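Here is the structure we will look at, set down as structure tokens.
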Amino acid sequence: QVQLVESGGGLVQPGGSLRLSCAASGSILRIYAMGWYRQAPGKERELVARIPNGGTTKYADSVKGRFAVSRDNAKNTMTLQMNSLKPEDTAVYYCNADAWDAGYWGQGTQVTVSS
């Protein structure tokens with residue numbers, strides 16, 4: 001089992017920045033990739049960024065150049081730095097971990113971009 005806890009969401013004005021964090025615990029050695037997904041009201045959950053172990057990071061086209069994902073394996077954390085935020089970035093953001101036994105999700109954190 002892997003437990004994921006997100007933090008750092010909130011309300012920000014367009015053009016602003018937010019930093020999300022995800023702390024992983026439990027059977028973390030089973031994890032081979034981690035990522036951020038988001039789900040806006042009435043829409044399907046979509047990939048924001050994914051960073052596999054030793055692999056190439058992938059970003060959704062809509063966030064390229066604005067968002068940056070990173071992992072700190074020593075601390076078992078993953079962060080998502082979000083810059084130049086737009087109203088269309090408003091969503092619940094979920095931390096995801098792909099492990100050899102299953103996929104795991106955090107509880108989600110709300111990000112609202114509004115003036």
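Scheme for the structure tokens: letters A, B, ... for chains in order shown; per-chain residue numbers from 1; ligand numbers from 1 in order shown.
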Subject >> Residues within 9 Å of region 58-75 of chain A, only C-alpha atoms, excluding chain neighbours under 3 positions, as a list in words >> reply: Ala23, Ala24, Met34, Gly35, Trp36, Glu46, Leu47, Val48, Ala49, Arg50, Ile51, Pro52, Met78, Thr79, Leu80, Gln81, Met82, Asn83, Ser84, Leu85 and Asp89 of chain A
Saved selection, atoms kept: C-alpha atoms, as a short mmCIF file (atom, residue, chain, number, x, y, z; two decimals), in the first residue's frame:
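After the write, selection.cif holds the following:
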data_model
loop_
_atom_site.label_atom_id
_atom_site.label_comp_id
_atom_site.auth_asym_id
_atom_site.auth_seq_id
_atom_site.Cartn_x
_atom_site.Cartn_y
_atom_site.Cartn_z
CA ALA A 23 4.11 13.23 0.30
CA ALA A 24 4.32 9.48 -0.26
CA MET A 34 4.50 9.58 -10.04
CA GLY A 35 2.39 12.27 -11.52
CA TRP A 36 -0.18 15.00 -11.15
CA GLU A 46 -6.54 14.53 -17.17
CA LEU A 47 -2.81 14.18 -16.94
CA VAL A 48 -0.90 17.31 -15.95
CA ALA A 49 2.62 15.94 -15.56
CA ARG A 50 4.20 12.56 -15.02
CA ILE A 51 7.73 11.77 -13.88
CA PRO A 52 8.86 8.15 -14.03
CA MET A 78 6.85 15.36 -5.42
CA THR A 79 6.11 18.98 -6.15
CA LEU A 80 4.32 20.83 -8.91
CA GLN A 81 5.35 24.44 -9.41
CA MET A 82 2.60 26.23 -11.28
CA ASN A 83 3.32 29.64 -12.79
CA SER A 84 1.34 31.98 -15.03
CA LEU A 85 -1.86 30.37 -13.85
CA ASP A 89 -6.27 25.68 -14.66
#
**OP:** Just the residues within 10 Å of Arg38 (chain A), please, counting only C-alpha atoms, with nothing from its chain fewer than 4 positions along; format it as a PyMOL selection string.
**Re:** chain A and resi 43-49+89-95+108-111
I need the chosen residues saved as a PDB file, in the first residue's frame, with C-alpha atoms.
ATOM      1  CA  LYS A  43     -14.725  17.165 -17.192  1.00  0.00           C
ATOM      2  CA  GLU A  44     -12.718  13.970 -17.098  1.00  0.00           C
ATOM      3  CA  ARG A  45      -9.574  13.643 -15.056  1.00  0.00           C
ATOM      4  CA  GLU A  46      -6.544  14.525 -17.173  1.00  0.00           C
ATOM      5  CA  LEU A  47      -2.806  14.177 -16.936  1.00  0.00           C
ATOM      6  CA  VAL A  48      -0.900  17.314 -15.951  1.00  0.00           C
ATOM      7  CA  ALA A  49       2.620  15.944 -15.558  1.00  0.00           C
ATOM      8  CA  ASP A  89      -6.270  25.682 -14.655  1.00  0.00           C
ATOM      9  CA  THR A  90      -9.006  25.651 -12.022  1.00  0.00           C
ATOM     10  CA  ALA A  91      -9.541  22.047 -10.918  1.00  0.00           C
ATOM     11  CA  VAL A  92      -8.985  19.524  -8.192  1.00  0.00           C
ATOM     12  CA  TYR A  93      -5.395  18.351  -8.493  1.00  0.00           C
ATOM     13  CA  TYR A  94      -4.554  14.767  -7.604  1.00  0.00           C
ATOM     14  CA  CYS A  95      -1.240  13.148  -6.843  1.00  0.00           C
ATOM     15  CA  GLY A 108      -6.986  15.886  -4.085  1.00  0.00           C
ATOM     16  CA  THR A 109      -6.412  19.577  -3.479  1.00  0.00           C
ATOM     17  CA  GLN A 110      -8.472  22.393  -4.952  1.00  0.00           C
ATOM     18  CA  VAL A 111      -6.807  25.014  -7.122  1.00  0.00           C
TER      19      VAL A 111
END
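Candidate residues A:Asn76, A:Ser7, A:Gly103, A:Gln13 were compared for distance to Glu88 (chain A), and the nearest is A:Gln13, using only C-alpha atoms.
Proximity to Gln1 (chain A) was assessed for A:Gln107, A:Pro87, A:Ser114, A:Leu29 counting only C-alpha atoms; the smallest distance is recorded for A:Leu29.
Using only C-alpha atoms, the nearest neighbour of Ser27 (chain A) within the list A:Ala102, A:Pro41, A:Gly8, A:Val113 is A:Ala102.
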Original post:
Where in chain A does DSSP assign strand (DSSP E or B), given as a count of residues only?
Top reply: 65
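Computed from the coordinates, the CA of Ala99 (chain A) to CA of Ala40 (chain A) distance equals 25.4 Å.
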